[in-house]
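Asks: First the structure, then my questions, so here it is.
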Amino acid sequence: MSVRFVNLAFDAELAPTPRFVLVALAEHADDAGQCYPSVARLARRTGLSKRSVQNSIKRLLAEGYLDVKPNAGKRGTNFYQLHVTSAGDASQTPQ
């Protein structure tokens, strides 16, 4: 877990549901912001439906908070690269 990414996710300027999914992704991320939890795991961790998690991921993608490589994670899960900064600019990963 990257505490830095979790803290930055909490500060992201997002609606509550996508922010919660971003926090859950950040909880799984390493120090480079990379992770590969399944949608089912994210749904269990957040208490949201799989559809809500998928819709939130689409919104996070559209707003530049993450990139997704389908089926590139362990056991065929998606691979996520988080891009969140403390300034609310989602265009780059913090250094």
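Within each chain, counting starts at residue 1; across the structure tokens, chains are named A, B, ... in the order shown, with ligands numbered 1 upward in that order.
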Got a sec: who's within 6 Å of stretch 6-9 of chain A, counting only C-alpha atoms, leaving out chain neighbours fewer than 6 positions off, as a list in words?
Replies: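 After dropping sequence-adjacent residues, the list is Leu22, Val23, Ala26, Glu27 and Ser86 of chain A.
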Asks: Which residues come within 12 Å of A:Phe5, counting only C-alpha atoms, excluding same-chain residues fewer than 3 positions away, as JSON, numbers by chain?
Replies: {"A": [1, 2, 8, 9, 10, 11, 12, 22, 23, 24, 25, 26, 27, 28, 29, 30, 31, 32, 33, 34, 35, 65, 66, 81, 82, 83, 84, 85, 86, 93, 94, 95]}
Asks: Atoms to include: N, CA and C atoms. Write the selected residues as a short mmCIF file (atom, residue, chain, number, x, y, z; two decimals), in the first residue's frame.
Replies:
data_model
loop_
_atom_site.label_atom_id
_atom_site.label_comp_id
_atom_site.auth_asym_id
_atom_site.auth_seq_id
_atom_site.Cartn_x
_atom_site.Cartn_y
_atom_site.Cartn_z
N MET A 1 0.84 -1.18 0.00
CA MET A 1 0.00 0.00 0.00
C MET A 1 0.88 1.24 0.00
N SER A 2 0.50 2.19 -0.83
CA SER A 2 1.20 3.46 -0.86
C SER A 2 0.39 4.50 -0.09
N LEU A 8 -3.36 11.20 -1.43
CA LEU A 8 -3.65 12.00 -2.61
C LEU A 8 -5.02 11.65 -3.19
N ALA A 9 -5.40 10.38 -3.13
CA ALA A 9 -6.72 9.97 -3.62
C ALA A 9 -7.83 10.61 -2.79
N PHE A 10 -7.64 10.68 -1.48
CA PHE A 10 -8.64 11.32 -0.62
C PHE A 10 -8.81 12.80 -0.99
N ASP A 11 -7.74 13.43 -1.47
CA ASP A 11 -7.78 14.85 -1.81
C ASP A 11 -8.24 15.12 -3.25
N ALA A 12 -8.46 14.08 -4.04
CA ALA A 12 -8.85 14.25 -5.44
C ALA A 12 -10.20 14.95 -5.53
N LEU A 22 -11.05 5.20 -6.26
CA LEU A 22 -9.65 5.62 -6.39
C LEU A 22 -8.88 5.33 -5.11
N VAL A 23 -9.50 5.58 -3.97
CA VAL A 23 -8.86 5.26 -2.68
C VAL A 23 -8.61 3.76 -2.57
N ALA A 24 -9.58 2.95 -2.99
CA ALA A 24 -9.40 1.49 -2.94
C ALA A 24 -8.28 1.05 -3.87
N LEU A 25 -8.19 1.66 -5.05
CA LEU A 25 -7.07 1.34 -5.95
C LEU A 25 -5.75 1.76 -5.31
N ALA A 26 -5.73 2.95 -4.72
CA ALA A 26 -4.50 3.44 -4.08
C ALA A 26 -4.08 2.54 -2.92
N GLU A 27 -5.05 1.97 -2.24
CA GLU A 27 -4.75 1.04 -1.15
C GLU A 27 -3.99 -0.19 -1.65
N HIS A 28 -4.23 -0.58 -2.90
CA HIS A 28 -3.55 -1.72 -3.49
C HIS A 28 -2.26 -1.35 -4.21
N ALA A 29 -2.03 -0.05 -4.43
CA ALA A 29 -0.91 0.40 -5.25
C ALA A 29 0.43 0.31 -4.53
N ASP A 30 1.48 0.11 -5.34
CA ASP A 30 2.83 0.17 -4.80
C ASP A 30 3.28 1.64 -4.83
N ASP A 31 4.54 1.90 -4.49
CA ASP A 31 5.03 3.28 -4.44
C ASP A 31 5.08 3.96 -5.81
N ALA A 32 4.97 3.18 -6.88
CA ALA A 32 4.94 3.75 -8.23
C ALA A 32 3.50 3.95 -8.72
N GLY A 33 2.52 3.62 -7.89
CA GLY A 33 1.12 3.80 -8.26
C GLY A 33 0.59 2.70 -9.14
N GLN A 34 1.19 1.53 -9.09
CA GLN A 34 0.77 0.41 -9.93
C GLN A 34 0.08 -0.65 -9.08
N CYS A 35 -1.02 -1.20 -9.64
CA CYS A 35 -1.75 -2.26 -8.93
C CYS A 35 -2.60 -3.05 -9.91
N TYR A 65 -7.14 10.19 -14.08
CA TYR A 65 -6.62 9.76 -12.79
C TYR A 65 -5.90 8.42 -12.85
N LEU A 66 -6.13 7.67 -13.92
CA LEU A 66 -5.43 6.39 -14.06
C LEU A 66 -5.43 5.93 -15.51
N GLN A 81 -2.42 2.01 -13.51
CA GLN A 81 -1.38 2.98 -13.19
C GLN A 81 -2.08 4.24 -12.72
N LEU A 82 -1.90 4.60 -11.46
CA LEU A 82 -2.54 5.78 -10.91
C LEU A 82 -1.77 7.04 -11.26
N HIS A 83 -2.51 8.13 -11.50
CA HIS A 83 -1.94 9.44 -11.79
C HIS A 83 -2.68 10.48 -10.96
N VAL A 84 -2.30 10.64 -9.73
CA VAL A 84 -2.93 11.65 -8.88
C VAL A 84 -1.86 12.54 -8.27
N THR A 85 -2.18 13.82 -8.15
CA THR A 85 -1.25 14.77 -7.54
C THR A 85 -1.98 15.56 -6.47
N SER A 86 -1.24 16.20 -5.61
CA SER A 86 -1.85 16.97 -4.53
C SER A 86 -2.47 18.26 -5.03
N THR A 93 2.01 11.40 -12.50
CA THR A 93 2.22 10.67 -11.27
C THR A 93 3.16 11.47 -10.39
N PRO A 94 2.92 11.60 -9.09
CA PRO A 94 3.83 12.33 -8.22
C PRO A 94 5.20 11.68 -8.16
N GLN A 95 6.20 12.48 -8.05
CA GLN A 95 7.58 12.00 -8.01
C GLN A 95 8.06 11.82 -6.59
#
Asks: I need the residues of chain A that end up classed as alpha helix (DSSP H) by DSSP on the backbone, written out as a ChimeraX atom specification.
Replies: /A:3-10,16-28,39-46,50-62
Asks: For atom CA of A:Arg44 and atom CA of A:Arg75, determine how far apart the two atoms are, in Å to one decimal place.
Replies: 17.9 Å
Asks: When you draw a straight line from atom CA of A:Val53 to atom CA of A:Lys69, how long is it in Å?
Replies: 16.2 Å
Asks: For the strand (DSSP E or B) assignment from backbone DSSP, which residues of chain A qualify? Please present them as a ChimeraX atom specification.
Replies: /A:34-35,66-69,79-82
Asks: Could you please determine the separation between atom CA of A:Arg4 and atom CA of A:Lys58 in Å, to one decimal place?
Replies: 22.9 Å
Asks: Do you know which residues are at most 7 Å from A:Tyr36 counting only C-alpha atoms, after dropping those on the same chain fewer than 2 positions away, and could you put them as an MDAnalysis selection string?
Replies: chainID A and resid 38 73:74 77:80
Asks: Using only C-alpha atoms, which protein or nucleic acid residues come within 9 Å of A:Ser52? Drop anything in the same chain fewer than 4 positions from it, and give the result as a PyMOL selection string.
Replies: chain A and resi 17-18+43+48+56-57
Asks: Please write the residues from the selection above to a file, keeping C-alpha atoms, as a PDB file, in the first residue's frame.
Replies:
ATOM      1  CA  THR A  17     -18.147   7.107  -5.539  1.00  0.00           C
ATOM      2  CA  PRO A  18     -15.228   7.472  -7.989  1.00  0.00           C
ATOM      3  CA  ALA A  43     -16.466  -4.151  -5.132  1.00  0.00           C
ATOM      4  CA  LEU A  48     -20.236  -1.031  -4.173  1.00  0.00           C
ATOM      5  CA  SER A  56     -16.148   4.738 -11.591  1.00  0.00           C
ATOM      6  CA  ILE A  57     -13.084   3.293 -13.323  1.00  0.00           C
TER       7      ILE A  57
END
Asks: Calculated over only C-alpha atoms, which of the candidates A:Val21, A:Pro70, A:Val3, A:Glu63 has the smallest distance to A:Gly47?
Replies: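 With only C-alpha atoms as the atom set, the closest residue is A:Val21.
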